Structures are given as C-alpha cells and as structure tokens.
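Engineer: So here's structure_8.pdb (PDB, N, CA and C atoms).
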```
ATOM      1  N   MET A   1       0.828  -1.173   0.000  1.00  0.00           N
ATOM      2  CA  MET A   1       0.000   0.000   0.000  1.00  0.00           C
ATOM      3  C   MET A   1       0.887   1.256   0.000  1.00  0.00           C
ATOM      4  N   ARG A   2       0.478   2.258  -0.748  1.00  0.00           N
ATOM      5  CA  ARG A   2       1.248   3.496  -0.828  1.00  0.00           C
ATOM      6  C   ARG A   2       1.152   4.302   0.457  1.00  0.00           C
ATOM      7  N   GLU A   3       2.241   4.996   0.746  1.00  0.00           N
ATOM      8  CA  GLU A   3       2.227   5.902   1.887  1.00  0.00           C
ATOM      9  C   GLU A   3       1.420   7.142   1.551  1.00  0.00           C
ATOM     10  N   LYS A   4       0.750   7.666   2.536  1.00  0.00           N
ATOM     11  CA  LYS A   4      -0.005   8.894   2.338  1.00  0.00           C
ATOM     12  C   LYS A   4       0.971  10.071   2.389  1.00  0.00           C
ATOM     13  N   LEU A   5       0.913  10.942   1.380  1.00  0.00           N
ATOM     14  CA  LEU A   5       1.787  12.105   1.332  1.00  0.00           C
ATOM     15  C   LEU A   5       1.082  13.303   1.944  1.00  0.00           C
ATOM     16  N   ASN A   6       1.821  14.056   2.706  1.00  0.00           N
ATOM     17  CA  ASN A   6       1.305  15.287   3.290  1.00  0.00           C
ATOM     18  C   ASN A   6       2.104  16.456   2.747  1.00  0.00           C
ATOM     19  N   HIS A   7       1.426  17.533   2.410  1.00  0.00           N
ATOM     20  CA  HIS A   7       2.078  18.728   1.891  1.00  0.00           C
ATOM     21  C   HIS A   7       1.940  19.839   2.913  1.00  0.00           C
ATOM     22  N   LEU A   8       3.011  20.576   3.094  1.00  0.00           N
ATOM     23  CA  LEU A   8       3.019  21.676   4.037  1.00  0.00           C
ATOM     24  C   LEU A   8       3.444  22.931   3.282  1.00  0.00           C
ATOM     25  N   TYR A   9       2.582  23.930   3.282  1.00  0.00           N
ATOM     26  CA  TYR A   9       2.877  25.188   2.608  1.00  0.00           C
ATOM     27  C   TYR A   9       3.238  26.231   3.652  1.00  0.00           C
ATOM     28  N   VAL A  10       4.452  26.775   3.565  1.00  0.00           N
ATOM     29  CA  VAL A  10       4.921  27.792   4.505  1.00  0.00           C
ATOM     30  C   VAL A  10       5.554  28.933   3.725  1.00  0.00           C
ATOM     31  N   ASP A  11       5.546  30.119   4.323  1.00  0.00           N
ATOM     32  CA  ASP A  11       6.225  31.238   3.678  1.00  0.00           C
ATOM     33  C   ASP A  11       7.692  31.248   4.120  1.00  0.00           C
ATOM     34  N   SER A  12       8.449  32.220   3.647  1.00  0.00           N
ATOM     35  CA  SER A  12       9.894  32.223   3.906  1.00  0.00           C
ATOM     36  C   SER A  12      10.215  32.402   5.386  1.00  0.00           C
ATOM     37  N   LYS A  13       9.436  33.210   6.097  1.00  0.00           N
ATOM     38  CA  LYS A  13       9.684  33.402   7.532  1.00  0.00           C
ATOM     39  C   LYS A  13       9.406  32.119   8.307  1.00  0.00           C
ATOM     40  N   GLU A  14       8.321  31.445   7.970  1.00  0.00           N
ATOM     41  CA  GLU A  14       7.977  30.195   8.649  1.00  0.00           C
ATOM     42  C   GLU A  14       9.006  29.111   8.346  1.00  0.00           C
ATOM     43  N   ARG A  15       9.502  29.097   7.119  1.00  0.00           N
ATOM     44  CA  ARG A  15      10.522  28.110   6.739  1.00  0.00           C
ATOM     45  C   ARG A  15      11.804  28.337   7.527  1.00  0.00           C
ATOM     46  N   THR A  16      12.199  29.603   7.664  1.00  0.00           N
ATOM     47  CA  THR A  16      13.395  29.933   8.438  1.00  0.00           C
ATOM     48  C   THR A  16      13.219  29.525   9.894  1.00  0.00           C
ATOM     49  N   LEU A  17      12.060  29.839  10.463  1.00  0.00           N
ATOM     50  CA  LEU A  17      11.774  29.469  11.855  1.00  0.00           C
ATOM     51  C   LEU A  17      11.787  27.951  12.028  1.00  0.00           C
ATOM     52  N   LEU A  18      11.219  27.238  11.071  1.00  0.00           N
ATOM     53  CA  LEU A  18      11.194  25.772  11.114  1.00  0.00           C
ATOM     54  C   LEU A  18      12.609  25.202  11.091  1.00  0.00           C
ATOM     55  N   LEU A  19      13.463  25.722  10.210  1.00  0.00           N
ATOM     56  CA  LEU A  19      14.841  25.230  10.126  1.00  0.00           C
ATOM     57  C   LEU A  19      15.611  25.528  11.411  1.00  0.00           C
ATOM     58  N   HIS A  20      15.461  26.732  11.968  1.00  0.00           N
ATOM     59  CA  HIS A  20      16.151  27.074  13.217  1.00  0.00           C
ATOM     60  C   HIS A  20      15.684  26.181  14.363  1.00  0.00           C
ATOM     61  N   SER A  21      14.403  25.905  14.411  1.00  0.00           N
ATOM     62  CA  SER A  21      13.869  25.046  15.471  1.00  0.00           C
ATOM     63  C   SER A  21      14.392  23.620  15.351  1.00  0.00           C
ATOM     64  N   LEU A  22      14.476  23.116  14.125  1.00  0.00           N
ATOM     65  CA  LEU A  22      14.990  21.762  13.920  1.00  0.00           C
ATOM     66  C   LEU A  22      16.469  21.660  14.291  1.00  0.00           C
ATOM     67  N   VAL A  23      17.236  22.673  13.955  1.00  0.00           N
ATOM     68  CA  VAL A  23      18.661  22.666  14.309  1.00  0.00           C
ATOM     69  C   VAL A  23      18.822  22.738  15.829  1.00  0.00           C
ATOM     70  N   GLU A  24      17.993  23.540  16.487  1.00  0.00           N
ATOM     71  CA  GLU A  24      18.047  23.627  17.944  1.00  0.00           C
ATOM     72  C   GLU A  24      17.683  22.290  18.579  1.00  0.00           C
ATOM     73  N   LEU A  25      16.658  21.611  18.045  1.00  0.00           N
ATOM     74  CA  LEU A  25      16.274  20.292  18.543  1.00  0.00           C
ATOM     75  C   LEU A  25      17.412  19.294  18.355  1.00  0.00           C
ATOM     76  N   LYS A  26      18.053  19.350  17.198  1.00  0.00           N
ATOM     77  CA  LYS A  26      19.176  18.441  16.927  1.00  0.00           C
ATOM     78  C   LYS A  26      20.307  18.675  17.928  1.00  0.00           C
ATOM     79  N   ASN A  27      20.619  19.945  18.209  1.00  0.00           N
ATOM     80  CA  ASN A  27      21.675  20.253  19.178  1.00  0.00           C
ATOM     81  C   ASN A  27      21.325  19.752  20.568  1.00  0.00           C
ATOM     82  N   GLN A  28      20.065  19.865  20.971  1.00  0.00           N
ATOM     83  CA  GLN A  28      19.637  19.354  22.280  1.00  0.00           C
ATOM     84  C   GLN A  28      19.777  17.842  22.354  1.00  0.00           C
ATOM     85  N   LEU A  29      19.403  17.156  21.277  1.00  0.00           N
ATOM     86  CA  LEU A  29      19.522  15.695  21.267  1.00  0.00           C
ATOM     87  C   LEU A  29      20.980  15.265  21.344  1.00  0.00           C
ATOM     88  N   ILE A  30      21.856  15.983  20.646  1.00  0.00           N
ATOM     89  CA  ILE A  30      23.289  15.649  20.678  1.00  0.00           C
ATOM     90  C   ILE A  30      23.846  15.862  22.080  1.00  0.00           C
ATOM     91  N   GLN A  31      23.435  16.951  22.747  1.00  0.00           N
ATOM     92  CA  GLN A  31      23.903  17.206  24.115  1.00  0.00           C
ATOM     93  C   GLN A  31      23.441  16.118  25.070  1.00  0.00           C
ATOM     94  N   GLN A  32      22.273  15.550  24.832  1.00  0.00           N
ATOM     95  CA  GLN A  32      21.748  14.482  25.681  1.00  0.00           C
ATOM     96  C   GLN A  32      22.346  13.123  25.306  1.00  0.00           C
ATOM     97  N   GLY A  33      23.116  13.089  24.218  1.00  0.00           N
ATOM     98  CA  GLY A  33      23.729  11.836  23.787  1.00  0.00           C
ATOM     99  C   GLY A  33      22.759  10.927  23.066  1.00  0.00           C
ATOM    100  N   ARG A  34      21.723  11.495  22.485  1.00  0.00           N
ATOM    101  CA  ARG A  34      20.701  10.702  21.801  1.00  0.00           C
ATOM    102  C   ARG A  34      20.908  10.738  20.300  1.00  0.00           C
ATOM    103  N   TYR A  35      20.235   9.864  19.630  1.00  0.00           N
ATOM    104  CA  TYR A  35      20.289   9.677  18.187  1.00  0.00           C
ATOM    105  C   TYR A  35      19.627  10.870  17.493  1.00  0.00           C
ATOM    106  N   ALA A  36      20.317  11.538  16.529  1.00  0.00           N
ATOM    107  CA  ALA A  36      19.783  12.739  15.888  1.00  0.00           C
ATOM    108  C   ALA A  36      19.759  12.645  14.362  1.00  0.00           C
ATOM    109  N   ASP A  37      19.979  11.456  13.800  1.00  0.00           N
ATOM    110  CA  ASP A  37      20.016  11.322  12.340  1.00  0.00           C
ATOM    111  C   ASP A  37      18.657  11.565  11.696  1.00  0.00           C
ATOM    112  N   CYS A  38      17.579  11.244  12.396  1.00  0.00           N
ATOM    113  CA  CYS A  38      16.251  11.464  11.822  1.00  0.00           C
ATOM    114  C   CYS A  38      15.994  12.962  11.644  1.00  0.00           C
ATOM    115  N   ILE A  39      16.499  13.779  12.566  1.00  0.00           N
ATOM    116  CA  ILE A  39      16.347  15.231  12.450  1.00  0.00           C
ATOM    117  C   ILE A  39      17.149  15.741  11.257  1.00  0.00           C
ATOM    118  N   ASP A  40      18.319  15.147  11.000  1.00  0.00           N
ATOM    119  CA  ASP A  40      19.116  15.524   9.831  1.00  0.00           C
ATOM    120  C   ASP A  40      18.336  15.308   8.539  1.00  0.00           C
ATOM    121  N   GLU A  41      17.617  14.196   8.459  1.00  0.00           N
ATOM    122  CA  GLU A  41      16.829  13.911   7.258  1.00  0.00           C
ATOM    123  C   GLU A  41      15.727  14.939   7.065  1.00  0.00           C
ATOM    124  N   ILE A  42      15.072  15.339   8.152  1.00  0.00           N
ATOM    125  CA  ILE A  42      14.000  16.330   8.055  1.00  0.00           C
ATOM    126  C   ILE A  42      14.563  17.689   7.655  1.00  0.00           C
ATOM    127  N   ILE A  43      15.709  18.063   8.230  1.00  0.00           N
ATOM    128  CA  ILE A  43      16.350  19.336   7.868  1.00  0.00           C
ATOM    129  C   ILE A  43      16.696  19.332   6.386  1.00  0.00           C
ATOM    130  N   PHE A  44      17.221  18.225   5.892  1.00  0.00           N
ATOM    131  CA  PHE A  44      17.575  18.118   4.472  1.00  0.00           C
ATOM    132  C   PHE A  44      16.342  18.262   3.590  1.00  0.00           C
ATOM    133  N   LYS A  45      15.238  17.623   3.975  1.00  0.00           N
ATOM    134  CA  LYS A  45      14.007  17.710   3.182  1.00  0.00           C
ATOM    135  C   LYS A  45      13.448  19.123   3.166  1.00  0.00           C
ATOM    136  N   VAL A  46      13.458  19.801   4.308  1.00  0.00           N
ATOM    137  CA  VAL A  46      12.927  21.167   4.380  1.00  0.00           C
ATOM    138  C   VAL A  46      13.820  22.123   3.590  1.00  0.00           C
ATOM    139  N   ALA A  47      15.130  21.976   3.723  1.00  0.00           N
ATOM    140  CA  ALA A  47      16.054  22.891   3.048  1.00  0.00           C
ATOM    141  C   ALA A  47      16.010  22.724   1.532  1.00  0.00           C
ATOM    142  N   ASN A  48      15.759  21.521   1.055  1.00  0.00           N
ATOM    143  CA  ASN A  48      15.778  21.254  -0.387  1.00  0.00           C
ATOM    144  C   ASN A  48      14.389  21.128  -0.999  1.00  0.00           C
ATOM    145  N   ALA A  49      13.368  21.527  -0.276  1.00  0.00           N
ATOM    146  CA  ALA A  49      12.005  21.434  -0.784  1.00  0.00           C
ATOM    147  C   ALA A  49      11.801  22.454  -1.906  1.00  0.00           C
ATOM    148  N   PRO A  50      11.067  22.082  -2.945  1.00  0.00           N
ATOM    149  CA  PRO A  50      10.824  23.026  -4.043  1.00  0.00           C
ATOM    150  C   PRO A  50       9.903  24.163  -3.593  1.00  0.00           C
ATOM    151  N   VAL A  51      10.097  25.298  -4.223  1.00  0.00           N
ATOM    152  CA  VAL A  51       9.272  26.468  -3.915  1.00  0.00           C
ATOM    153  C   VAL A  51       8.103  26.491  -4.880  1.00  0.00           C
ATOM    154  N   LYS A  52       6.908  26.603  -4.333  1.00  0.00           N
ATOM    155  CA  LYS A  52       5.706  26.647  -5.157  1.00  0.00           C
ATOM    156  C   LYS A  52       4.939  27.921  -4.811  1.00  0.00           C
ATOM    157  N   ARG A  53       4.602  28.666  -5.833  1.00  0.00           N
ATOM    158  CA  ARG A  53       3.851  29.897  -5.624  1.00  0.00           C
ATOM    159  C   ARG A  53       2.366  29.587  -5.585  1.00  0.00           C
ATOM    160  N   VAL A  54       1.715  30.100  -4.554  1.00  0.00           N
ATOM    161  CA  VAL A  54       0.291  29.859  -4.363  1.00  0.00           C
ATOM    162  C   VAL A  54      -0.397  31.216  -4.293  1.00  0.00           C
ATOM    163  N   LYS A  55      -1.450  31.386  -5.081  1.00  0.00           N
ATOM    164  CA  LYS A  55      -2.199  32.628  -5.056  1.00  0.00           C
ATOM    165  C   LYS A  55      -3.251  32.559  -3.959  1.00  0.00           C
ATOM    166  N   ILE A  56      -3.270  33.569  -3.102  1.00  0.00           N
ATOM    167  CA  ILE A  56      -4.222  33.617  -2.004  1.00  0.00           C
ATOM    168  C   ILE A  56      -5.198  34.756  -2.270  1.00  0.00           C
ATOM    169  N   GLU A  57      -6.474  34.434  -2.253  1.00  0.00           N
ATOM    170  CA  GLU A  57      -7.508  35.439  -2.473  1.00  0.00           C
ATOM    171  C   GLU A  57      -8.261  35.663  -1.161  1.00  0.00           C
ATOM    172  N   TYR A  58      -8.363  36.910  -0.759  1.00  0.00           N
ATOM    173  CA  TYR A  58      -9.112  37.261   0.432  1.00  0.00           C
ATOM    174  C   TYR A  58     -10.522  37.671   0.025  1.00  0.00           C
ATOM    175  N   VAL A  59     -11.499  37.110   0.701  1.00  0.00           N
ATOM    176  CA  VAL A  59     -12.905  37.405   0.370  1.00  0.00           C
ATOM    177  C   VAL A  59     -13.480  38.364   1.380  1.00  0.00           C
TER     178      VAL A  59
END
```
Mind converting the file's structure to structure tokens?
Structural biologist:
Amino acid sequence: MREKLNHLYVDSKERTLLLHSLVELKNQLIQQGRYADCIDEIIFKVANAPVKRVKIEYV
C-alpha cells in the first residue's frame, strides 16, 4: 500500500523558523547523547524542498 503524502505550505519566515527550530532540537539531542540522524533527514528535506507559488484570495 502506498504511503499517504502530506504537503506543508509555509512562507519564507515560517521556513526559516522551522529550520532554526529543527537545528536547535538536533543540538539538544546531541547534548543528551541521543540519536539525531532522523532530524538531519527532516532538515535536508525542508532545506531542499521546491518552492511553489500559491495565489491567495481574500474574500
């Protein structure tokens, strides 16, 4: 069975905040001596995600 894909649309400020938060989480895990490779994969996916322009209409 196929995995369900989820899409997350964020603007540039939210993307920056997301990346900073993930790096901070990774640093905390490393300080605790815990496994942090899964966070590396998420950081890589967020940093290399394609940019898609979405038109927003206010009613």
Engineer: Tell me, in Å to one decimal, how far atom CA of Val23 of chain A is from atom CA of Asp40 of chain A.
Structural biologist: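 Atom CA of Val23 of chain A sits 8.4 Å away from atom CA of Asp40 of chain A.
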Engineer: Calculate how many Å separate atom C of Lys55 of chain A from atom CA of Ser12 of chain A, rounding to one decimal.
Structural biologist: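 Calculated distance between atom C of Lys55 of chain A and atom CA of Ser12 of chain A is 15.3 Å.
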Engineer: Using the chain letters and residue numbers of this document, give as a PDB file with N, CA and C atoms, in the coordinates of the input the residues selected by the PyMOL selection byres (((chain A and resi 1-11 and name CA) around 10) and name CA).
Structural biologist:
```pdb
ATOM      1  N   SER A  12       8.449  32.220   3.647  1.00  0.00           N
ATOM      2  CA  SER A  12       9.894  32.223   3.906  1.00  0.00           C
ATOM      3  C   SER A  12      10.215  32.402   5.386  1.00  0.00           C
ATOM      4  N   LYS A  13       9.436  33.210   6.097  1.00  0.00           N
ATOM      5  CA  LYS A  13       9.684  33.402   7.532  1.00  0.00           C
ATOM      6  C   LYS A  13       9.406  32.119   8.307  1.00  0.00           C
ATOM      7  N   GLU A  14       8.321  31.445   7.970  1.00  0.00           N
ATOM      8  CA  GLU A  14       7.977  30.195   8.649  1.00  0.00           C
ATOM      9  C   GLU A  14       9.006  29.111   8.346  1.00  0.00           C
ATOM     10  N   ARG A  15       9.502  29.097   7.119  1.00  0.00           N
ATOM     11  CA  ARG A  15      10.522  28.110   6.739  1.00  0.00           C
ATOM     12  C   ARG A  15      11.804  28.337   7.527  1.00  0.00           C
ATOM     13  N   THR A  16      12.199  29.603   7.664  1.00  0.00           N
ATOM     14  CA  THR A  16      13.395  29.933   8.438  1.00  0.00           C
ATOM     15  C   THR A  16      13.219  29.525   9.894  1.00  0.00           C
ATOM     16  N   LEU A  18      11.219  27.238  11.071  1.00  0.00           N
ATOM     17  CA  LEU A  18      11.194  25.772  11.114  1.00  0.00           C
ATOM     18  C   LEU A  18      12.609  25.202  11.091  1.00  0.00           C
ATOM     19  N   VAL A  46      13.458  19.801   4.308  1.00  0.00           N
ATOM     20  CA  VAL A  46      12.927  21.167   4.380  1.00  0.00           C
ATOM     21  C   VAL A  46      13.820  22.123   3.590  1.00  0.00           C
ATOM     22  N   VAL A  51      10.097  25.298  -4.223  1.00  0.00           N
ATOM     23  CA  VAL A  51       9.272  26.468  -3.915  1.00  0.00           C
ATOM     24  C   VAL A  51       8.103  26.491  -4.880  1.00  0.00           C
ATOM     25  N   LYS A  52       6.908  26.603  -4.333  1.00  0.00           N
ATOM     26  CA  LYS A  52       5.706  26.647  -5.157  1.00  0.00           C
ATOM     27  C   LYS A  52       4.939  27.921  -4.811  1.00  0.00           C
ATOM     28  N   ARG A  53       4.602  28.666  -5.833  1.00  0.00           N
ATOM     29  CA  ARG A  53       3.851  29.897  -5.624  1.00  0.00           C
ATOM     30  C   ARG A  53       2.366  29.587  -5.585  1.00  0.00           C
ATOM     31  N   VAL A  54       1.715  30.100  -4.554  1.00  0.00           N
ATOM     32  CA  VAL A  54       0.291  29.859  -4.363  1.00  0.00           C
ATOM     33  C   VAL A  54      -0.397  31.216  -4.293  1.00  0.00           C
TER      34      VAL A  54
END
```
Engineer: Just give me the gap between atom C of Lys45 of chain A and atom CA of His20 of chain A in Å, one decimal is fine.
Structural biologist: 13.1 Å
Engineer: Write down as a ChimeraX atom specification the residues belonging to chain A that are assigned helix (DSSP H, G or I) by DSSP computed on the backbone.
Structural biologist: /A:12-31,37-47
Engineer: Which residue is closest to Ile43 of chain A? Choose from A:Leu17, A:Glu57, A:Leu29, A:Leu22 and count all atoms listed in the file.
Structural biologist: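 Ranked by minimum distance to Ile43 of chain A, first place goes to A:Leu22.
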Engineer: I'd like the box whose edges run along x, y and z of the file and which contains every listed atom of segment 20-39 of chain A, padded by 3 Å per side; could you state its centre and edge lengths in Å, one decimal, as AutoDock Vina command-line options?
Structural biologist:
```
--center_x 18.9 --center_y 18.4 --center_z 18.5 --size_x 16.0 --size_y 23.4 --size_z 20.4
```
Engineer: Could you tell me which of A:Ala36, A:Phe44, A:Ala49, A:Tyr58 comes closest to Glu24 of chain A if we count only C-alpha atoms?
Structural biologist: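 Of all the options, A:Ala36 lies closest to Glu24 of chain A.
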